[in-house]
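Colleague: To start, I am sharing the structure in question, which I have written as structure tokens.
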Amino acid sequence: MNDSLLIKKILNNNALIVTDNSQKESVVIGKGIGFGKKTGDLIQTSSADKWFVLKDEKEQEHYKQLLHSVDEKIIDVMNDVITHIQKRSGSDLDEHIHIALTDHIGFAIKRLEQGLDIKNPFLVETQTMYPMEYTIAEEAVEMINKHLSIHLPEGEIGFVALHIHSAITKRTIHLINRNSSLVAKLISLVSSGLDIEIDPKSINYLRLVRHLRHAIERIEQGEIVENQDKLANVLKEEYPLCYNLAWKLIKVMQNDLQKPVPNAEAVYLTMHLQRLSRK
């Protein structure tokens, strides 16, 4: 960034359209950044650590549209919330979070006002798969509730956590939701396959869910995993139920992800399933 930016248009107290010396346009978002300002004023970049800058043209357009559909009080609070998320995560967030999370919360508040409560079917899986994001989401929802004098349902913490994970990893919400759904499906198969009720607070559940999350990420990235043929033969002989169930899970992952799953995954899954079956 250069030393100063020219204000081209004031969107509201918290958002400006600016141009730099090369006439490149951006949307700058910051608490009270537009207060007392007028078109043609210069703003100094020395306080840029308090701003977010939307550089992508599509994201800029979406944010401008969002300002017309979401109450300015919500926009104001969400700027504080996203600043908090960035500080707590220690990550440069994907700029899309300004549109996606603000829009999501705006819609959630409308549902709340209408007495509608959308259940979050992946709340436990989300808390287990993304513990850091979930903790930050709890803080974010508490901030929203306090500043807007509302009470968002617990399920919203899970949805916010997914948005945070999406912004940190630069992966789409669609992809993250798909993976959460896949983990829930796999856990259900394990429960029925072993004929057990899995305690979501148990350490073995925690280990299995985290393993499935990382396994899915490895499969998506096409990571090469060394075969464990000798160990696979032993496990197949010793624990046929768990071994066969592991392969059933692998087939589901292959089908949902449309990618090959390394044979070694059967070994790791069998060991996790054996721990659960003992319980």
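Going by the structure tokens order, chains are called A, B, ..., each with residues numbered from 1, while ligands are numbered from 1 in the order shown.
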Which neighbours of Leu162 of chain A fall inside 10 Å, counting only C-alpha atoms, when residues of the same chain fewer than 6 positions from it are skipped, and could you give them as a PyMOL selection string?

Modeller: chain A and resi 101+126-127+130+133-134+137+156+168+172-174+176-177+180

Colleague: Could the residues in this selection be saved with C-alpha atoms as a PDB file, in the first residue's frame?

Modeller:
ATOM      1  CA  LEU A 101     -20.005 -14.584   7.871  1.00  0.00           C
ATOM      2  CA  THR A 126     -17.398 -29.574  14.207  1.00  0.00           C
ATOM      3  CA  GLN A 127     -16.338 -29.098  17.831  1.00  0.00           C
ATOM      4  CA  TYR A 130     -11.932 -27.886  14.662  1.00  0.00           C
ATOM      5  CA  GLU A 133     -12.060 -22.527  15.542  1.00  0.00           C
ATOM      6  CA  TYR A 134     -14.903 -23.674  17.798  1.00  0.00           C
ATOM      7  CA  ALA A 137     -16.595 -19.089  17.460  1.00  0.00           C
ATOM      8  CA  GLU A 156     -24.706 -21.104  15.423  1.00  0.00           C
ATOM      9  CA  ILE A 168      -8.089 -19.580   7.770  1.00  0.00           C
ATOM     10  CA  THR A 172     -14.854 -23.016   0.555  1.00  0.00           C
ATOM     11  CA  ILE A 173     -17.702 -23.480   3.034  1.00  0.00           C
ATOM     12  CA  HIS A 174     -19.256 -25.939   0.551  1.00  0.00           C
ATOM     13  CA  ILE A 176     -15.947 -27.952   4.544  1.00  0.00           C
ATOM     14  CA  ASN A 177     -19.674 -28.716   4.942  1.00  0.00           C
ATOM     15  CA  SER A 180     -18.393 -32.539   7.983  1.00  0.00           C
TER      16      SER A 180
END

Colleague: If we count only C-alpha atoms and set the cut-off at 8 Å, which residues sit around segment 66-70 of chain A, ignoring sequence neighbours fewer than 3 positions away in its own chain? Please answer as a list in words.

Modeller: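 In the requested form, the answer reads Leu11, His62, Tyr63, Ile74, Ile75, Ile99, Asp103 and Gly106 of chain A.
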
Colleague: Can you pull out every residue within 8 Å of Gly30 of chain A, counting only C-alpha atoms, but drop anything in the same chain fewer than 2 positions away, and send it as a ChimeraX atom specification?

Modeller: /A:14-15,28,32-33,50-52,79

Colleague: If DSSP is run on the backbone, what residues of segment 27-93 of chain A are alpha helix (DSSP H)? A reply as a ChimeraX atom specification would be ideal.

Modeller: /A:57-69,72-89

Colleague: Taking C-alpha atoms for each residue, export the selection above as an mmCIF file, in the first residue's frame.

Modeller:
data_model
loop_
_atom_site.group_PDB
_atom_site.id
_atom_site.type_symbol
_atom_site.label_atom_id
_atom_site.label_comp_id
_atom_site.auth_asym_id
_atom_site.auth_seq_id
_atom_site.Cartn_x
_atom_site.Cartn_y
_atom_site.Cartn_z
ATOM 1 C CA GLU A 57 -13.622 -7.011 -7.548
ATOM 2 C CA LYS A 58 -16.271 -9.698 -7.076
ATOM 3 C CA GLU A 59 -15.903 -9.563 -3.274
ATOM 4 C CA GLN A 60 -16.168 -5.746 -3.399
ATOM 5 C CA GLU A 61 -19.443 -5.937 -5.324
ATOM 6 C CA HIS A 62 -20.866 -8.562 -2.984
ATOM 7 C CA TYR A 63 -19.954 -6.458 0.058
ATOM 8 C CA LYS A 64 -21.615 -3.341 -1.429
ATOM 9 C CA GLN A 65 -24.799 -5.387 -1.983
ATOM 10 C CA LEU A 66 -24.571 -6.752 1.560
ATOM 11 C CA LEU A 67 -24.592 -3.232 3.006
ATOM 12 C CA HIS A 68 -28.093 -2.708 1.546
ATOM 13 C CA SER A 69 -29.523 -5.920 3.020
ATOM 14 C CA GLU A 72 -25.596 -1.268 9.906
ATOM 15 C CA LYS A 73 -25.483 -2.239 13.617
ATOM 16 C CA ILE A 74 -24.820 -5.842 12.546
ATOM 17 C CA ILE A 75 -22.133 -4.693 10.066
ATOM 18 C CA ASP A 76 -20.488 -2.681 12.862
ATOM 19 C CA VAL A 77 -20.478 -5.617 15.300
ATOM 20 C CA MET A 78 -19.234 -8.041 12.631
ATOM 21 C CA ASN A 79 -16.221 -5.810 11.939
ATOM 22 C CA ASP A 80 -15.273 -6.145 15.626
ATOM 23 C CA VAL A 81 -15.974 -9.886 15.522
ATOM 24 C CA ILE A 82 -13.804 -10.467 12.433
ATOM 25 C CA THR A 83 -10.991 -8.370 13.952
ATOM 26 C CA HIS A 84 -11.223 -10.598 17.050
ATOM 27 C CA ILE A 85 -11.147 -13.759 14.898
ATOM 28 C CA GLN A 86 -8.036 -12.542 13.072
ATOM 29 C CA LYS A 87 -6.209 -11.697 16.302
ATOM 30 C CA ARG A 88 -7.179 -14.929 18.070
ATOM 31 C CA SER A 89 -6.346 -17.173 15.115
#

Colleague: Could you check the closest approach to Asn233 of chain A for each of A:Ala167, A:Val209, A:Val267, A:Ile10 and tell me which residue wins, using only C-alpha atoms?

Modeller: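 Looking only at the distances to Asn233 of chain A, the closest residue turns out to be A:Val267.
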
Colleague: As an exercise, work out the distance from atom CA of Met129 of chain A to atom CA of Ala232 of chain A in Å and give it to one decimal place.

Modeller: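 Calculated distance between atom CA of Met129 of chain A and atom CA of Ala232 of chain A is 26.7 Å.
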
Colleague: For atom CA of Ile196 of chain A and atom CA of Arg278 of chain A, quote the distance in Å rounded to one decimal.

Modeller: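 Spanning atom CA of Ile196 of chain A to atom CA of Arg278 of chain A is a straight-line distance of 10.2 Å.
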
Colleague: Smallest atom-to-atom distance to Pro200 of chain A: which of A:Ser91, A:Asn255, A:Thr128, A:Ser166, using only C-alpha atoms?

Modeller: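 Smallest separation from Pro200 of chain A among the options: A:Thr128.
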
Colleague: When you count only C-alpha atoms, which of these residues is closest to His163 of chain A: A:His96, A:His147, A:His211, A:Lys251?

Modeller: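 Smallest distance to His163 of chain A is found for A:His96.
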
Colleague: Hey, can you check how far atom CA of Val141 of chain A sits from atom CA of Arg207 of chain A?

Modeller: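 Interatomic distance, atom CA of Val141 of chain A to atom CA of Arg207 of chain A: 27.0 Å.
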
Colleague: Which residue gives the smallest distance to His214 of chain A among A:Ser4, A:Asn179, A:Ser192, A:Asn244, with only C-alpha atoms counted?

Modeller: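 Selected residue with least distance to His214 of chain A: A:Asn179.
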
Colleague: Pick out the closest residue to Asn204 of chain A from this set: A:Leu273, A:Gly115, A:Asp94, A:Asn13. Count only C-alpha atoms.

Modeller: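 For Asn204 of chain A, the nearest of the given residues is A:Leu273.
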
Colleague: As a list in words, please: all residues of segment 44-188 of chain A that backbone DSSP puts in strand (DSSP E).

Modeller: Gln44, Phe52, Val53 and Leu54 of chain A

Colleague: Which residue out of A:Glu139, A:Pro131, A:Ile150, A:Ala266 has the minimum interatomic distance to Leu112 of chain A when only C-alpha atoms are used?

Modeller: A:Ile150

Colleague: Compile the contact shell of Leu6 of chain A as a PDB file with N, CA and C atoms, in the first residue's frame: residues with an atom at most 8 Å away, counting only C-alpha atoms, same-chain residues fewer than 2 positions apart removed.

Modeller:
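The new file selection.pdb reads:
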ATOM      1  N   SER A   4      -0.992   7.047   1.387  1.00  0.00           N
ATOM      2  CA  SER A   4      -2.352   7.531   1.571  1.00  0.00           C
ATOM      3  C   SER A   4      -3.257   7.011   0.466  1.00  0.00           C
ATOM      4  N   LYS A   8     -13.060   7.672  -2.619  1.00  0.00           N
ATOM      5  CA  LYS A   8     -13.868   7.840  -3.825  1.00  0.00           C
ATOM      6  C   LYS A   8     -15.361   7.871  -3.480  1.00  0.00           C
ATOM      7  N   VAL A  18     -11.977   3.339  -1.976  1.00  0.00           N
ATOM      8  CA  VAL A  18     -10.786   4.186  -2.090  1.00  0.00           C
ATOM      9  C   VAL A  18      -9.993   3.808  -3.342  1.00  0.00           C
ATOM     10  N   THR A  19      -9.129   4.735  -3.748  1.00  0.00           N
ATOM     11  CA  THR A  19      -8.185   4.431  -4.840  1.00  0.00           C
ATOM     12  C   THR A  19      -6.776   4.764  -4.359  1.00  0.00           C
ATOM     13  N   ASP A  20      -5.793   4.004  -4.872  1.00  0.00           N
ATOM     14  CA  ASP A  20      -4.401   4.293  -4.550  1.00  0.00           C
ATOM     15  C   ASP A  20      -3.797   5.134  -5.684  1.00  0.00           C
ATOM     16  N   GLY A  40     -13.113  12.590  -1.573  1.00  0.00           N
ATOM     17  CA  GLY A  40     -11.970  13.435  -1.909  1.00  0.00           C
ATOM     18  C   GLY A  40     -10.957  13.555  -0.795  1.00  0.00           C
ATOM     19  N   ASP A  41     -11.358  13.172   0.436  1.00  0.00           N
ATOM     20  CA  ASP A  41     -10.395  13.181   1.555  1.00  0.00           C
ATOM     21  C   ASP A  41      -9.354  12.089   1.359  1.00  0.00           C
ATOM     22  N   LEU A  42      -8.221  12.269   2.008  1.00  0.00           N
ATOM     23  CA  LEU A  42      -7.180  11.242   2.013  1.00  0.00           C
ATOM     24  C   LEU A  42      -7.188  10.544   3.370  1.00  0.00           C
ATOM     25  N   ILE A  43      -6.953   9.238   3.351  1.00  0.00           N
ATOM     26  CA  ILE A  43      -6.751   8.525   4.617  1.00  0.00           C
ATOM     27  C   ILE A  43      -5.349   7.932   4.603  1.00  0.00           C
TER      28      ILE A  43
END
